[in-house]
$ cat my_file_16.cif   # mmCIF, C-alpha atoms
data_protein
#
loop_
_atom_site.label_atom_id
_atom_site.label_comp_id
_atom_site.auth_asym_id
_atom_site.auth_seq_id
_atom_site.Cartn_x
_atom_site.Cartn_y
_atom_site.Cartn_z
CA MET S 1215 -15.52 -34.40 -3.05
CA ASN S 1216 -14.72 -32.98 0.37
CA HIS S 1217 -15.47 -29.26 0.18
CA ARG S 1218 -14.73 -26.89 3.04
CA CYS S 1219 -16.62 -23.70 3.80
CA ASN S 1220 -17.44 -21.63 6.88
CA HIS S 1221 -20.98 -20.83 5.66
CA PRO S 1222 -23.15 -23.94 6.15
CA PRO S 1223 -25.83 -23.17 3.50
CA LEU S 1224 -23.11 -22.53 0.92
CA LEU S 1225 -21.26 -25.69 1.93
CA GLU S 1226 -24.43 -27.70 1.48
CA ALA S 1227 -25.05 -26.15 -1.95
CA LEU S 1228 -21.47 -26.89 -3.02
CA SER S 1229 -21.81 -30.49 -1.89
CA ARG S 1230 -25.01 -30.92 -3.97
CA GLU S 1231 -23.50 -29.39 -7.14
CA PRO S 1232 -22.55 -32.20 -9.53
CA ALA S 1233 -20.30 -29.95 -11.63
CA LEU S 1234 -18.02 -29.56 -8.60
CA ALA S 1235 -17.85 -33.25 -7.79
CA GLY S 1236 -14.35 -33.55 -9.22
CA THR S 1237 -12.90 -30.37 -7.67
CA ALA S 1238 -11.89 -29.84 -4.06
CA VAL S 1239 -13.20 -26.42 -3.11
CA ALA S 1240 -12.40 -24.41 -0.01
CA VAL S 1241 -14.37 -21.21 0.48
CA LEU S 1242 -13.89 -18.58 3.15
CA VAL S 1243 -16.82 -16.20 3.43
CA THR S 1244 -16.09 -12.86 5.08
CA HIS S 1245 -18.77 -10.46 6.19
CA PRO S 1246 -18.88 -6.67 6.63
CA VAL S 1247 -17.56 -5.58 10.02
CA PRO S 1248 -20.25 -3.51 11.69
CA SER S 1249 -19.28 -0.18 13.14
CA GLU S 1250 -21.00 2.91 14.37
CA ASN S 1251 -17.98 4.97 13.37
CA ALA S 1252 -16.28 3.53 10.35
CA ASP S 1253 -13.40 6.02 10.22
CA THR S 1254 -11.40 4.94 13.26
CA LEU S 1255 -8.29 2.90 13.93
CA ASP S 1256 -10.46 0.58 16.01
CA HIS S 1257 -12.65 -0.17 12.99
CA LEU S 1258 -9.61 -0.61 10.74
CA THR S 1259 -8.09 -3.02 13.27
CA ARG S 1260 -11.23 -5.15 13.27
CA CYS S 1261 -11.43 -5.06 9.49
CA THR S 1262 -7.81 -6.18 9.12
CA ARG S 1263 -8.34 -8.96 11.66
CA ALA S 1264 -11.38 -10.38 9.88
CA GLY S 1265 -10.52 -9.44 6.30
CA LEU S 1266 -6.78 -9.94 6.09
CA LEU S 1267 -5.10 -11.67 9.04
CA ASP S 1268 -7.77 -14.37 9.38
CA VAL S 1269 -7.70 -14.77 5.60
CA ALA S 1270 -3.93 -15.30 5.74
CA ALA S 1271 -4.37 -17.96 8.43
CA TRP S 1272 -7.04 -19.68 6.33
CA VAL S 1273 -4.85 -19.71 3.23
CA HIS S 1274 -1.98 -21.12 5.27
CA ARG S 1275 -4.22 -23.94 6.53
CA GLU S 1276 -5.86 -24.77 3.23
CA VAL S 1277 -3.18 -24.31 0.60
CA ALA S 1278 -1.47 -27.64 1.23
CA ALA S 1279 -4.63 -29.48 0.16
CA GLY S 1280 -4.58 -27.80 -3.26
CA GLY S 1281 -7.77 -27.49 -5.24
CA LEU S 1282 -9.72 -24.26 -5.61
CA LEU S 1283 -9.39 -21.73 -2.80
CA VAL S 1284 -12.00 -18.99 -2.97
CA LEU S 1285 -12.22 -15.90 -0.82
CA ALA S 1286 -15.84 -14.75 -0.89
CA GLN S 1287 -15.99 -11.15 0.34
CA GLY S 1288 -19.32 -9.76 1.45
CA GLN S 1289 -19.27 -5.96 1.54
CA ALA S 1290 -21.69 -3.45 2.96
CA PRO S 1291 -23.83 -1.70 0.34
CA THR S 1292 -22.68 1.71 1.57
CA VAL S 1293 -19.01 2.52 1.07
CA ASP S 1294 -16.80 1.56 4.00
CA ALA S 1295 -13.44 2.84 2.82
CA LEU S 1296 -11.39 1.00 5.42
CA ALA S 1297 -13.10 -2.35 4.87
CA ARG S 1298 -12.89 -2.07 1.09
CA SER S 1299 -9.21 -1.18 1.26
CA VAL S 1300 -8.54 -4.24 3.39
CA ASP S 1301 -10.53 -6.41 0.98
CA ASP S 1302 -8.43 -5.15 -1.93
CA GLY S 1303 -5.32 -6.09 0.02
CA ALA S 1304 -6.63 -9.60 0.67
CA CYS S 1305 -7.21 -10.04 -3.05
CA VAL S 1306 -3.55 -9.26 -3.79
CA LEU S 1307 -2.47 -11.65 -1.04
CA LEU S 1308 -4.18 -14.43 -2.98
CA GLU S 1309 -2.51 -13.24 -6.18
CA VAL S 1310 0.93 -13.59 -4.58
CA MET S 1311 0.11 -17.01 -3.12
CA ALA S 1312 -1.06 -18.21 -6.54
CA GLN S 1313 2.44 -17.65 -7.89
CA VAL S 1314 4.03 -19.62 -5.09
CA HIS S 1315 1.56 -22.54 -5.00
CA PRO S 1316 0.89 -23.72 -8.56
CA ALA S 1317 -0.99 -26.81 -7.32
CA ALA S 1318 -3.76 -24.61 -5.96
CA ARG S 1319 -6.04 -22.16 -7.75
CA PHE S 1320 -7.10 -18.96 -6.07
CA ALA S 1321 -10.05 -16.69 -6.67
CA CYS S 1322 -11.55 -13.65 -4.99
CA VAL S 1323 -15.30 -13.14 -5.44
CA ARG S 1324 -17.13 -10.13 -4.03
CA TRP S 1325 -20.68 -8.87 -3.61
CA ARG S 1326 -22.38 -6.00 -1.86
CA GLY S 1327 -25.46 -6.68 0.22
CA SER S 1328 -26.61 -8.15 3.48
CA SER S 1329 -27.05 -11.82 2.63
CA VAL S 1330 -24.71 -14.36 1.08
CA PRO S 1331 -25.80 -15.02 -2.55
CA VAL S 1332 -25.46 -18.79 -2.32
CA GLU S 1333 -26.85 -19.67 -5.74
CA GLU S 1334 -24.75 -17.03 -7.54
CA LEU S 1335 -21.62 -18.14 -5.70
CA VAL S 1336 -22.13 -21.78 -6.66
CA LYS S 1337 -22.61 -20.82 -10.32
CA THR S 1338 -19.45 -18.68 -10.16
CA LEU S 1339 -17.42 -21.51 -8.67
CA VAL S 1340 -18.68 -23.91 -11.33
CA ALA S 1341 -17.57 -21.42 -14.00
CA LEU S 1342 -14.18 -21.03 -12.33
CA GLY S 1343 -13.76 -24.79 -12.23
CA LEU S 1344 -14.38 -24.99 -15.98
CA LEU S 1345 -11.66 -22.51 -16.87
CA PRO S 1346 -8.31 -23.75 -18.17
CA ARG S 1347 -5.62 -24.01 -15.49
CA ALA S 1348 -3.56 -21.31 -17.21
CA ALA S 1349 -6.43 -18.82 -17.31
CA ARG S 1350 -5.85 -15.63 -15.38
CA LEU S 1351 -8.80 -13.51 -14.39
CA ALA S 1352 -8.82 -9.92 -13.28
CA GLN S 1353 -9.59 -10.09 -9.60
CA PRO S 1354 -11.83 -9.60 -7.74
CA LEU S 1355 -14.91 -10.96 -9.54
CA VAL S 1356 -17.72 -8.65 -8.49
CA LEU S 1357 -21.17 -10.22 -8.47
CA THR S 1358 -23.14 -7.04 -7.88
CA GLY S 1359 -23.27 -3.63 -9.54
CA PRO S 1360 -21.03 -0.77 -8.44
CA THR S 1361 -21.99 1.46 -5.53
CA MET T 1098 36.96 50.05 -34.21
CA ALA T 1099 35.61 50.62 -30.74
CA ALA T 1100 36.33 47.81 -28.31
CA ARG T 1101 33.32 45.76 -27.36
CA PRO T 1102 32.34 46.22 -23.76
CA ARG T 1103 33.25 43.14 -21.79
CA ARG T 1104 30.27 41.17 -20.61
CA LYS T 1105 30.06 40.51 -16.92
CA PRO T 1106 29.99 36.77 -16.22
CA GLN T 1107 26.43 35.72 -15.50
CA ALA T 1108 25.74 34.65 -11.96
CA ALA T 1109 24.94 30.93 -11.70
CA ALA T 1110 21.16 30.55 -11.69
CA ALA T 1111 19.92 29.73 -8.19
CA ALA T 1112 18.48 26.24 -7.91
CA PRO T 1113 14.70 26.44 -7.73
CA ARG T 1114 13.24 25.96 -4.24
CA PRO T 1115 9.58 25.26 -4.94
CA LEU T 1116 8.95 23.93 -1.45
CA GLU T 1117 10.30 26.98 0.37
CA GLY T 1118 8.18 27.65 3.43
CA ARG T 1119 6.53 24.22 3.42
CA VAL T 1120 6.68 22.07 6.54
CA VAL T 1121 6.79 18.35 5.78
CA LEU T 1122 6.91 15.33 8.10
CA VAL T 1123 8.49 12.16 6.67
CA THR T 1124 8.28 8.78 8.43
CA GLY T 1125 10.77 6.00 7.93
CA ALA T 1126 13.16 8.83 7.17
CA ALA T 1127 16.47 7.51 8.49
CA GLY T 1128 17.41 5.54 5.40
CA GLY T 1129 16.42 4.27 2.00
CA ILE T 1130 13.62 5.97 0.12
CA GLY T 1131 12.62 8.03 3.16
CA LEU T 1132 16.08 9.54 3.36
CA GLY T 1133 16.13 10.17 -0.37
CA ILE T 1134 12.82 12.02 -0.02
CA CYS T 1135 14.15 14.14 2.86
CA GLN T 1136 17.28 15.05 0.90
CA VAL T 1137 15.29 16.28 -2.09
CA LEU T 1138 12.77 18.12 0.07
CA ARG T 1139 15.58 20.01 1.80
CA GLU T 1140 17.17 20.88 -1.56
CA GLN T 1141 13.84 22.26 -2.65
CA GLY T 1142 13.56 24.46 0.40
CA ALA T 1143 11.17 22.54 2.63
CA THR T 1144 11.40 22.50 6.40
CA VAL T 1145 11.69 18.79 7.06
CA GLU T 1146 10.86 16.86 10.20
CA MET T 1147 12.13 13.29 10.08
CA ALA T 1148 10.72 10.41 12.06
CA ASP T 1149 12.06 6.86 12.36
CA VAL T 1150 12.24 3.93 14.74
CA ASP T 1151 16.06 4.01 14.32
CA ALA T 1152 16.87 6.99 16.49
CA VAL T 1153 20.66 6.75 16.25
CA THR T 1154 20.82 6.82 12.44
CA GLY T 1155 17.88 9.18 12.22
CA GLU T 1156 19.43 11.81 14.52
CA ALA T 1157 22.68 11.72 12.58
CA GLN T 1158 20.97 12.04 9.21
CA ALA T 1159 18.74 14.83 10.45
CA LYS T 1160 21.73 16.78 11.76
CA GLU T 1161 23.45 16.49 8.40
CA LEU T 1162 20.35 17.68 6.56
CA GLY T 1163 19.42 20.45 8.96
CA ALA T 1164 16.14 18.72 9.71
CA GLY T 1165 14.27 17.93 12.91
CA PHE T 1166 14.08 14.36 14.17
CA HIS T 1167 11.56 12.34 16.16
CA SER T 1168 12.01 8.79 17.38
CA LEU T 1169 8.80 7.08 16.30
CA ASP T 1170 7.31 3.65 15.73
CA VAL T 1171 4.35 4.45 13.47
CA ALA T 1172 2.51 1.41 14.86
CA ASP T 1173 2.23 3.35 18.12
CA ALA T 1174 -0.80 5.49 17.40
CA PRO T 1175 -0.61 7.82 20.42
CA ALA T 1176 3.10 8.41 19.80
CA PHE T 1177 2.41 9.20 16.14
CA ALA T 1178 -0.31 11.65 17.14
CA ALA T 1179 2.11 13.32 19.57
CA VAL T 1180 4.78 13.73 16.88
CA VAL T 1181 2.35 15.34 14.44
CA GLU T 1182 1.12 17.63 17.19
CA THR T 1183 4.71 18.57 18.08
CA VAL T 1184 5.61 19.34 14.48
CA HIS T 1185 2.55 21.52 14.03
CA ARG T 1186 3.15 23.35 17.28
CA ARG T 1187 6.83 23.90 16.48
CA HIS T 1188 6.19 25.45 13.06
CA GLY T 1189 2.61 26.66 13.29
CA ALA T 1190 1.68 24.60 10.24
CA LEU T 1191 1.88 21.22 8.56
CA HIS T 1192 1.82 21.35 4.78
CA GLY T 1193 2.89 17.82 3.91
CA LEU T 1194 3.14 14.31 5.24
CA VAL T 1195 5.00 11.41 3.67
CA ASN T 1196 3.91 8.08 5.12
CA ASN T 1197 7.00 6.13 4.12
CA ALA T 1198 7.70 3.85 7.09
CA GLY T 1199 7.24 0.21 6.14
CA VAL T 1200 8.46 -3.31 6.79
CA ILE T 1201 8.67 -6.22 4.35
CA GLY T 1202 7.81 -9.08 6.68
CA PRO T 1203 7.94 -12.81 5.94
CA ALA T 1204 7.63 -14.64 2.64
CA THR T 1205 5.18 -17.09 4.22
CA LEU T 1206 1.93 -16.89 6.16
CA TRP T 1207 2.63 -19.02 9.20
CA ASP T 1208 4.06 -16.48 11.66
CA ALA T 1209 1.01 -14.59 12.91
CA ALA T 1210 3.01 -12.16 15.06
CA GLN T 1211 5.20 -11.09 12.15
CA LEU T 1212 2.17 -10.68 9.89
CA GLU T 1213 0.46 -8.50 12.50
CA ARG T 1214 3.54 -6.33 12.68
CA VAL T 1215 3.48 -5.83 8.90
CA VAL T 1216 -0.16 -4.77 9.09
CA ALA T 1217 0.44 -2.48 12.07
CA VAL T 1218 3.28 -0.58 10.38
CA ASN T 1219 2.35 -0.64 6.70
CA LEU T 1220 -1.39 -0.11 6.95
CA HIS T 1221 -2.45 1.06 10.40
CA GLY T 1222 0.55 3.40 10.56
CA VAL T 1223 -0.44 5.02 7.27
CA PHE T 1224 -4.03 5.43 8.42
CA VAL T 1225 -3.03 7.03 11.71
CA GLY T 1226 -0.60 9.36 9.95
CA MET T 1227 -3.30 10.52 7.55
CA GLN T 1228 -5.82 11.00 10.33
CA GLN T 1229 -3.44 13.07 12.40
CA ALA T 1230 -2.23 15.20 9.49
CA LEU T 1231 -5.79 15.84 8.34
CA ARG T 1232 -6.59 17.27 11.79
CA PHE T 1233 -4.45 20.24 10.79
CA MET T 1234 -4.70 20.24 7.01
CA VAL T 1235 -8.50 20.23 6.78
CA PRO T 1236 -8.98 23.38 8.90
CA ALA T 1237 -6.16 25.00 6.93
CA GLY T 1238 -7.94 24.13 3.68
CA ALA T 1239 -4.72 22.82 2.17
CA GLY T 1240 -2.11 20.09 2.39
CA SER T 1241 -0.57 17.18 0.56
CA ILE T 1242 -0.13 13.64 1.79
CA VAL T 1243 2.01 11.05 0.04
CA ASN T 1244 1.55 7.42 1.05
CA VAL T 1245 4.43 5.24 -0.04
CA SER T 1246 3.06 1.96 -1.37
CA SER T 1247 4.88 -0.32 -3.84
CA ILE T 1248 4.43 -1.74 -7.30
CA ASN T 1249 4.04 -5.04 -5.48
CA GLY T 1250 0.78 -3.65 -4.16
CA VAL T 1251 -0.65 -3.24 -7.63
CA ARG T 1252 0.51 -6.44 -9.21
CA GLY T 1253 1.27 -8.94 -6.48
CA THR T 1254 4.60 -10.43 -7.38
CA THR T 1255 6.38 -13.15 -5.48
CA GLY T 1256 8.07 -12.38 -2.19
CA ALA T 1257 6.15 -11.20 0.81
CA PRO T 1258 2.40 -11.71 0.50
CA MET T 1259 1.34 -9.65 3.51
CA TYR T 1260 3.64 -6.81 2.41
CA ALA T 1261 1.94 -6.83 -1.01
CA ALA T 1262 -1.49 -6.99 0.60
CA THR T 1263 -0.86 -4.00 2.86
CA LYS T 1264 0.67 -1.98 0.03
CA ARG T 1265 -2.43 -2.63 -2.09
CA ALA T 1266 -4.64 -1.64 0.81
CA VAL T 1267 -2.65 1.62 1.06
CA VAL T 1268 -3.41 2.42 -2.59
CA SER T 1269 -7.12 1.85 -2.00
CA LEU T 1270 -7.05 3.84 1.23
CA THR T 1271 -5.30 6.66 -0.60
CA ARG T 1272 -7.96 6.82 -3.27
CA HIS T 1273 -10.83 6.76 -0.81
CA ALA T 1274 -9.20 9.46 1.32
CA ALA T 1275 -8.48 11.61 -1.74
CA VAL T 1276 -12.13 11.51 -2.73
CA GLN T 1277 -13.25 12.29 0.79
CA HIS T 1278 -10.86 15.18 1.44
CA GLY T 1279 -10.52 16.75 -1.99
CA PRO T 1280 -13.35 19.16 -1.14
CA HIS T 1281 -11.29 20.25 1.87
CA GLY T 1282 -8.37 21.23 -0.34
CA VAL T 1283 -6.17 18.33 0.74
CA ARG T 1284 -4.51 16.17 -1.90
CA ILE T 1285 -3.61 12.57 -1.16
CA ASN T 1286 -1.55 10.44 -3.51
CA ALA T 1287 0.39 7.20 -3.43
CA LEU T 1288 3.96 6.68 -4.53
CA LEU T 1289 4.78 3.24 -5.89
CA PRO T 1290 8.51 2.62 -5.92
CA GLY T 1291 9.74 -0.29 -7.97
CA ASN T 1292 13.19 -1.76 -7.68
CA VAL T 1293 15.04 1.07 -6.00
CA MET T 1294 18.46 0.42 -4.52
CA THR T 1295 17.98 0.37 -0.74
CA HIS T 1296 18.98 -1.84 2.19
CA MET T 1297 15.50 -3.39 1.98
CA LEU T 1298 16.09 -4.38 -1.64
CA GLN T 1299 19.57 -5.67 -0.82
CA ARG T 1300 18.07 -7.95 1.85
CA SER T 1301 15.62 -9.35 -0.71
CA TYR T 1302 18.32 -9.68 -3.38
CA PRO T 1303 21.50 -10.30 -1.40
CA SER T 1304 23.87 -11.06 -4.27
CA ALA T 1305 25.11 -8.57 -6.82
CA GLN T 1306 24.31 -11.10 -9.55
CA LEU T 1307 20.67 -11.18 -8.50
CA ARG T 1308 20.50 -7.39 -8.55
CA VAL T 1309 22.04 -7.27 -12.03
CA ALA T 1310 19.44 -9.79 -13.18
CA LEU T 1311 16.73 -7.64 -11.62
CA ALA T 1312 17.96 -4.59 -13.48
CA GLN T 1313 17.96 -6.55 -16.74
CA VAL T 1314 14.24 -7.28 -16.49
CA THR T 1315 13.43 -3.63 -15.78
CA PRO T 1316 12.61 -1.78 -19.04
CA LEU T 1317 15.07 1.03 -18.20
CA ARG T 1318 17.68 -1.66 -17.52
CA ARG T 1319 18.75 -0.28 -14.18
CA LEU T 1320 17.70 -0.13 -10.56
CA GLY T 1321 16.24 3.11 -9.30
CA HIS T 1322 17.94 5.55 -6.97
CA ILE T 1323 16.42 6.95 -3.80
CA ARG T 1324 16.82 10.44 -5.24
CA GLN T 1325 14.41 9.57 -8.04
CA ALA T 1326 11.80 8.51 -5.52
CA GLY T 1327 12.53 11.76 -3.67
CA LEU T 1328 11.92 13.88 -6.76
CA ALA T 1329 8.62 12.11 -7.38
CA ALA T 1330 7.53 12.70 -3.78
CA ALA T 1331 8.54 16.36 -4.03
CA PHE T 1332 6.43 16.68 -7.17
CA LEU T 1333 3.40 15.25 -5.37
CA LEU T 1334 3.94 17.56 -2.40
CA GLY T 1335 4.35 20.73 -4.42
CA ASP T 1336 2.30 23.04 -6.62
CA ALA T 1337 3.32 21.32 -9.84
CA SER T 1338 0.85 18.57 -8.93
CA ALA T 1339 -1.88 20.93 -7.78
CA PHE T 1340 -4.53 19.10 -9.83
CA VAL T 1341 -3.29 15.62 -8.94
CA THR T 1342 -5.02 13.65 -6.23
CA GLY T 1343 -6.01 10.02 -5.72
CA HIS T 1344 -3.19 9.03 -8.05
CA ALA T 1345 -0.74 6.16 -7.69
CA LEU T 1346 2.58 7.26 -9.21
CA ALA T 1347 4.94 4.44 -10.06
CA VAL T 1348 8.66 5.18 -9.93
CA ASP T 1349 9.72 1.83 -11.27
CA GLY T 1350 11.69 2.05 -14.48
CA GLY T 1351 8.68 0.63 -16.35
CA SER T 1352 8.31 -2.60 -14.33
CA LEU T 1353 4.53 -2.29 -13.96
CA ALA T 1354 4.16 -1.55 -17.65
CA ALA T 1355 6.24 -4.64 -18.43
CA LEU T 1356 3.93 -6.78 -16.27
CA GLU T 1357 0.86 -5.31 -17.95
CA VAL T 1358 2.05 -5.90 -21.49
CA ALA T 1359 3.16 -9.42 -20.62
CA GLY T 1360 -0.48 -10.16 -19.76
#
$ encode --input "my_file_16.cif" --output "structure tokens"
Amino acid sequence: MNHRCNHPPLLEALSREPALAGTAVAVLVTHPVPSENADTLDHLTRCTRAGLLDVAAWVHREVAAGGLLVLAQGQAPTVDALARSVDDGACVLLEVMAQVHPAARFACVRWRGSSVPVEELVKTLVALGLLPRAARLAQPLVLTGPT
Amino acid sequence: MAARPRRKPQAAAAAPRPLEGRVVLVTGAAGGIGLGICQVLREQGATVEMADVDAVTGEAQAKELGAGFHSLDVADAPAFAAVVETVHRRHGALHGLVNNAGVIGPATLWDAAQLERVVAVNLHGVFVGMQQALRFMVPAGAGSIVNVSSINGVRGTTGAPMYAATKRAVVSLTRHAAVQHGPHGVRINALLPGNVMTHMLQRSYPSAQLRVALAQVTPLRRLGHIRQAGLAAAFLLGDASAFVTGHALAVDGGSLAALEVAG
């Protein structure tokens, strides 16, 4: 199956996962936006570019292909209020798109830490793929403990 | 038998003015929910400064209400800062801010320029407003900010996905800011209007039949009125909500509850 993902190690892991062989998966991985001063309009602007506007463009490109569209949100371990607010908004954007595009399935998965948890993400996507089509999960799915 | 002394007719009780002496800036104030908020705030005694991108309508409405008016696009951060500064200088204080200005935007995701505009007004505008108001409220040790979100920001319903996304982000931003500035004595809450009769709603539901159908799926079986949103905002701005912060208050006739119980 032709998976799409902007994180090469994750893409390779998806491609090797037999449980996902019958599901077309598109994953967009977003990363924390670094900032020396995280309470500025400049920081918010960069967060909304990377975490919301680029996500919207990705959904627009990918949704026609159907399958499973997953937004994988990496967050900084320390609280970045602006970034987290934008991430919450992106999650709702997927929720709205899910109602308009029944041929596609949408999910928002989140973790806090510096590196992309490839193995955990693959397991999560396998679990998502096993769920009934009508299943509705509370979003986002958070892979790490609260901070 | 001695005649009973005639009772003097009681004077009509004066309407309460719980916001007397409070200075409040409202954005997106020329119409719709913003106007409804301004009307109630004036009734309750507040000094109101209205701001809107529609200067013609805004000036006229402000004159009728006895309020000040500022032509303002909230996406213009320096202009927004200047308006807040002007209001504070004019009155020597800023007790409340209502970040109401918002745009719905497209139902699709292909027009990048339109989507950026939605983000600039609905999210960046709210952030700038809060930042500028907090410049005065934090040193004063008091203040109340109301960020107008939407029930579509809590449960993303069909329509405008970027609108829903920004309204959800506003709820999150509100909560984070409330936690951060509570120790400074500033309260920050979100108002979540549901289906309230405004020009914005009429554009989304252009036929009367559609609006009747919308009312029928609302638990209270009617559309809301801008005055009801105004009363809710006045509550959040005043002392009756003195222990309320970080809250998202839905004024929606039960629509969110209906979505929740439907599962």
$ closest_residue --input "my_file_16.cif" --among "S:Glu1334, S:Gly1303, S:Pro1246, S:Val1323" --to "Ala1352 (chain S)" --atoms "only C-alpha atoms"
S:Val1323
$ atom_distance --input "my_file_16.cif" --atom1 "CA of Gly1321 (chain T)" --atom2 "CA of Val1348 (chain T)"
7.9 Å
$ closest_residue --input "my_file_16.cif" --among "T:Val1171, T:Ala1330, T:Ala1111, T:Val1137" --to "Gly1125 (chain T)" --atoms "only C-alpha atoms"
T:Val1171
$ interface_residues --input "my_file_16.cif" --of "chain T" --to "chain S" --cutoff "7 Å" --atoms "all atoms listed in the file" --output "short mmCIF file (atom, residue, chain, number, x, y, z; two decimals) with C-alpha atoms, keeping the file's coordinate frame"
data_model
loop_
_atom_site.label_atom_id
_atom_site.label_comp_id
_atom_site.auth_asym_id
_atom_site.auth_seq_id
_atom_site.Cartn_x
_atom_site.Cartn_y
_atom_site.Cartn_z
CA LEU T 1206 1.93 -16.89 6.16
CA TRP T 1207 2.63 -19.02 9.20
CA GLY T 1253 1.27 -8.94 -6.48
CA THR T 1254 4.60 -10.43 -7.38
CA THR T 1255 6.38 -13.15 -5.48
CA PRO T 1258 2.40 -11.71 0.50
CA MET T 1259 1.34 -9.65 3.51
CA ALA T 1261 1.94 -6.83 -1.01
CA ALA T 1262 -1.49 -6.99 0.60
CA THR T 1263 -0.86 -4.00 2.86
CA ARG T 1265 -2.43 -2.63 -2.09
CA ALA T 1266 -4.64 -1.64 0.81
CA SER T 1269 -7.12 1.85 -2.00
CA LEU T 1270 -7.05 3.84 1.23
CA HIS T 1273 -10.83 6.76 -0.81
#
$ resolve_selection --input "my_file_16.cif" --expression "the PyMOL selection byres ((chain T and resi 1172) around 8)" --output "tab-separated table (two decimals) with C-alpha atoms, in the coordinates of the input"
chain	number	residue	atom	x	y	z
T	1170	ASP	CA	7.31	3.65	15.73
T	1171	VAL	CA	4.35	4.45	13.47
T	1173	ASP	CA	2.23	3.35	18.12
T	1174	ALA	CA	-0.80	5.49	17.40
T	1177	PHE	CA	2.41	9.20	16.14
T	1217	ALA	CA	0.44	-2.48	12.07
T	1218	VAL	CA	3.28	-0.58	10.38
T	1221	HIS	CA	-2.45	1.06	10.40
T	1222	GLY	CA	0.55	3.40	10.56
$ residues_around --input "my_file_16.cif" --residues "region 1142-1147 of chain T" --least-positions-apart "6" --cutoff "8 Å" --atoms "all atoms listed in the file" --output "PyMOL selection string"
chain T and resi 1114-1127+1135+1155+1159+1164-1167+1184
$ atom_distance --input "my_file_16.cif" --atom1 "CA of Gly1282 (chain T)" --atom2 "CA of Val1235 (chain T)"
7.2 Å
$ resolve_selection --input "my_file_16.cif" --expression "the PyMOL selection byres ((chain T and resi 1311-1314) around 10)" --output "PDB file with C-alpha atoms, keeping the file's coordinate frame"
ATOM      1  CA  ASN T1292      13.190  -1.760  -7.680  1.00  0.00           C
ATOM      2  CA  VAL T1293      15.040   1.070  -6.000  1.00  0.00           C
ATOM      3  CA  TYR T1302      18.320  -9.680  -3.380  1.00  0.00           C
ATOM      4  CA  ALA T1305      25.110  -8.570  -6.820  1.00  0.00           C
ATOM      5  CA  GLN T1306      24.310 -11.100  -9.550  1.00  0.00           C
ATOM      6  CA  LEU T1307      20.670 -11.180  -8.500  1.00  0.00           C
ATOM      7  CA  ARG T1308      20.500  -7.390  -8.550  1.00  0.00           C
ATOM      8  CA  VAL T1309      22.040  -7.270 -12.030  1.00  0.00           C
ATOM      9  CA  ALA T1310      19.440  -9.790 -13.180  1.00  0.00           C
ATOM     10  CA  THR T1315      13.430  -3.630 -15.780  1.00  0.00           C
ATOM     11  CA  PRO T1316      12.610  -1.780 -19.040  1.00  0.00           C
ATOM     12  CA  LEU T1317      15.070   1.030 -18.200  1.00  0.00           C
ATOM     13  CA  ARG T1318      17.680  -1.660 -17.520  1.00  0.00           C
ATOM     14  CA  ARG T1319      18.750  -0.280 -14.180  1.00  0.00           C
ATOM     15  CA  LEU T1320      17.700  -0.130 -10.560  1.00  0.00           C
ATOM     16  CA  GLY T1321      16.240   3.110  -9.300  1.00  0.00           C
ATOM     17  CA  GLY T1350      11.690   2.050 -14.480  1.00  0.00           C
ATOM     18  CA  GLY T1351       8.680   0.630 -16.350  1.00  0.00           C
ATOM     19  CA  SER T1352       8.310  -2.600 -14.330  1.00  0.00           C
ATOM     20  CA  ALA T1355       6.240  -4.640 -18.430  1.00  0.00           C
TER      21      ALA T1355
END
$ resolve_selection --input "my_file_16.cif" --expression "the PyMOL selection byres ((chain S and resi 1324) around 8)" --output "list in words"
Ala1286, Gln1287, Gly1288, Gln1289, Cys1322, Val1323, Trp1325, Arg1326, Pro1354, Leu1355, Val1356, Leu1357 and Thr1358 of chain S
$ axis_aligned_box --input "my_file_16.cif" --around "region 1299-1316 of chain T" --padding-each-side "3 Å" --output "AutoDock Vina command-line options"
--center_x 18.9 --center_y -6.5 --center_z -8.6 --size_x 18.5 --size_y 15.4 --size_z 26.9
$ atom_distance --input "my_file_16.cif" --atom1 "CA of Gln1211 (chain T)" --atom2 "CA of Gly1265 (chain S)"
16.9 Å
$ residues_around --input "my_file_16.cif" --residues "Ala1240 (chain S)" --least-positions-apart "2" --cutoff "6 Å" --atoms "only C-alpha atoms" --output "list in words"
His1217, Arg1218, Cys1219 and Leu1283 of chain S
$ closest_residue --input "my_file_16.cif" --among "T:Ala1209, T:Val1276, T:Leu1333, T:Val1200" --to "Arg1300 (chain T)" --atoms "all atoms listed in the file"
T:Val1200
$ closest_residue --input "my_file_16.cif" --among "T:Leu1162, T:Leu1132, T:Leu1356, T:Ala1198" --to "Val1150 (chain T)" --atoms "only C-alpha atoms"
T:Ala1198
